[in-house]
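Below is one structure, written out as structure tokens, with a few remarks after it.
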Amino acid sequence: MNKAQRIIGKLPPWILTAVTTVAILWLTLAPRPLGDLKPELFPGADKVVHAIMFGGLALMVFVDRSRAHGWSRIPLSFMIISTVAVMAFGVGIEFLQEMMHAGRSFDVCDIWADIAGAALSAILWTLLTRFYYGAR
């Protein structure tokens with residue numbers, strides 16, 4: 001077990017997912033989560049941010065599950081269910097933004113970015129763990 005695994009292994013098995021979820025809720029539902037800061041990197045940068053947020057959430061779910069079971073390989077059924085749950089969470093947030101009337105708005109492109117981020121994380125996790133654990 002390497003040093004990073006030992007450090008992360010000391011945390012509660014759900015903490016990375018919980019912290020990431022809270023951060024996403026704040027960034028997506030707060031009326032002005034960054035205050036007066038309005039970074040505009042390039043057109044559509046917010047879609048990239050959505051993909052990173054939900055890809056990151058899926059990744060934290062996978063890491064938490066793997067480390068809770070001794071850094072074992074994640075079953076395919078868990079991968080599929082958790083990826084779909086992260087995607088549904090992204091869809092739900094978009095609908096909440098519309099219903100809350102707090103200065104945030106529903107955007108179907110954000111939904112697609114959330115779905116893409118979660119799916120990409122699942123694909124990359126599968127490929128990387130296949131390499132790490134071998135083709136057993």
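Residue numbering restarts at 1 in every chain; chains get A, B, ... in the order shown in the structure tokens, and ligands count up from 1 in that same order.
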Just the alpha helix (DSSP H) stuff from region 3-113 of chain A, please, per backbone DSSP, written as a PyMOL selection string. chain A and resi 3-9+15-29+45-68+76-100+108-113
Closest atom pairs, region 14-59 of chain A residues within 8 Å of region 86-103 of chain A, only C-alpha atoms, as JSON lines:
{"residue": "A:Leu25", "atom": "CA", "partner": "A:Ile93", "partner_atom": "CA", "distance": 7.9}
{"residue": "A:Thr28", "atom": "CA", "partner": "A:Ile93", "partner_atom": "CA", "distance": 7.3}
{"residue": "A:Leu29", "atom": "CA", "partner": "A:Gln97", "partner_atom": "CA", "distance": 6.2}
{"residue": "A:Ala30", "atom": "CA", "partner": "A:Ala102", "partner_atom": "CA", "distance": 7.6}
{"residue": "A:Pro31", "atom": "CA", "partner": "A:Ala102", "partner_atom": "CA", "distance": 5.4}
{"residue": "A:Phe54", "atom": "CA", "partner": "A:Val86", "partner_atom": "CA", "distance": 6.8}
{"residue": "A:Leu57", "atom": "CA", "partner": "A:Val86", "partner_atom": "CA", "distance": 7.2}
{"residue": "A:Ala58", "atom": "CA", "partner": "A:Val86", "partner_atom": "CA", "distance": 6.3}
Give me a file of those residues, with N, CA, C and O atoms, as a PDB file, in the first residue's frame.
ATOM      1  N   LEU A  25     -23.243  20.878  -4.375  1.00  0.00           N
ATOM      2  CA  LEU A  25     -24.510  21.525  -4.005  1.00  0.00           C
ATOM      3  C   LEU A  25     -24.314  23.031  -3.813  1.00  0.00           C
ATOM      4  O   LEU A  25     -25.134  23.832  -4.271  1.00  0.00           O
ATOM      5  N   THR A  28     -23.605  24.750  -7.283  1.00  0.00           N
ATOM      6  CA  THR A  28     -24.689  24.727  -8.269  1.00  0.00           C
ATOM      7  C   THR A  28     -25.995  25.338  -7.783  1.00  0.00           C
ATOM      8  O   THR A  28     -26.832  25.724  -8.603  1.00  0.00           O
ATOM      9  N   LEU A  29     -26.192  25.416  -6.459  1.00  0.00           N
ATOM     10  CA  LEU A  29     -27.475  25.908  -5.965  1.00  0.00           C
ATOM     11  C   LEU A  29     -27.409  27.264  -5.263  1.00  0.00           C
ATOM     12  O   LEU A  29     -28.434  27.946  -5.162  1.00  0.00           O
ATOM     13  N   ALA A  30     -26.247  27.656  -4.791  1.00  0.00           N
ATOM     14  CA  ALA A  30     -26.131  28.963  -4.142  1.00  0.00           C
ATOM     15  C   ALA A  30     -26.305  30.063  -5.195  1.00  0.00           C
ATOM     16  O   ALA A  30     -25.821  29.927  -6.316  1.00  0.00           O
ATOM     17  N   PRO A  31     -27.010  31.151  -4.848  1.00  0.00           N
ATOM     18  CA  PRO A  31     -27.235  32.219  -5.826  1.00  0.00           C
ATOM     19  C   PRO A  31     -25.933  32.810  -6.382  1.00  0.00           C
ATOM     20  O   PRO A  31     -25.821  33.056  -7.572  1.00  0.00           O
ATOM     21  N   PHE A  54     -19.022  16.575 -11.869  1.00  0.00           N
ATOM     22  CA  PHE A  54     -19.738  15.313 -11.763  1.00  0.00           C
ATOM     23  C   PHE A  54     -18.840  14.122 -12.071  1.00  0.00           C
ATOM     24  O   PHE A  54     -19.042  13.034 -11.530  1.00  0.00           O
ATOM     25  N   LEU A  57     -17.215  13.728  -8.747  1.00  0.00           N
ATOM     26  CA  LEU A  57     -18.099  13.058  -7.791  1.00  0.00           C
ATOM     27  C   LEU A  57     -18.108  11.550  -8.041  1.00  0.00           C
ATOM     28  O   LEU A  57     -17.994  10.754  -7.102  1.00  0.00           O
ATOM     29  N   ALA A  58     -18.245  11.152  -9.291  1.00  0.00           N
ATOM     30  CA  ALA A  58     -18.223   9.719  -9.608  1.00  0.00           C
ATOM     31  C   ALA A  58     -16.896   9.110  -9.166  1.00  0.00           C
ATOM     32  O   ALA A  58     -16.873   8.031  -8.552  1.00  0.00           O
TER      33      ALA A  58
END
I need the residue nearest Ala4 (chain A) from this list: A:Ala18, A:Leu128, A:Arg67, A:Ala118. Use only C-alpha atoms for the distance. A:Arg67
Of the candidates A:Ala45, A:Val108, A:Leu11, A:Ile115, which shows the shortest atom-to-atom distance to Val84 (chain A), using only C-alpha atoms?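 Of all the options, A:Ile115 lies closest to Val84 (chain A).
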Rounded to one decimal in Å, what is the spacing between CA of His50 (chain A) and CA of Phe78 (chain A)? 22.7 Å
If we count only C-alpha atoms and set the cut-off at 12 Å, which residues sit around Ile8 (chain A), ignoring sequence neighbours fewer than 4 positions away in its own chain? Please answer as a PyMOL selection string. chain A and resi 1-4+12-16+60+63-64+66-68+70-71
Mind giving me the straight-line distance from CA of Tyr133 (chain A) to CA of Gly117 (chain A) in Å, one decimal?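 Atom-to-atom, CA of Tyr133 (chain A) and CA of Gly117 (chain A) are spaced 23.6 Å apart.
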Here is a test: counting only C-alpha atoms, which residue of A:Val49, A:Ile74, A:Ile81, A:Val61 is nearest to Asp114 (chain A)?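 Counting only C-alpha atoms, the residue closest to Asp114 (chain A) is A:Val49.
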Restricting the calculation to only C-alpha atoms, which member of A:Thr83, A:Ser105, A:Ala113, A:Leu76 is positioned closest to Thr129 (chain A)?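 Among the listed residues, the smallest separation from Thr129 (chain A) belongs to A:Leu76.
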Quick check, in Å to one decimal: how far apart do CA of Lys38 (chain A) and CA of Val22 (chain A) lie?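 Those two atoms sit 20.9 Å apart.
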Please determine, counting only C-alpha atoms, which residue among A:Leu127, A:Met79, A:Ile24, A:Val19 has the shortest atom-to-atom distance to Ile52 (chain A).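 Closest residue, counting only C-alpha atoms: A:Ile24.
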If you count only C-alpha atoms, the residue of A:Arg73, A:Ser82, A:Phe106, A:Gln5 closest to Gly134 (chain A) turns out to be A:Arg73
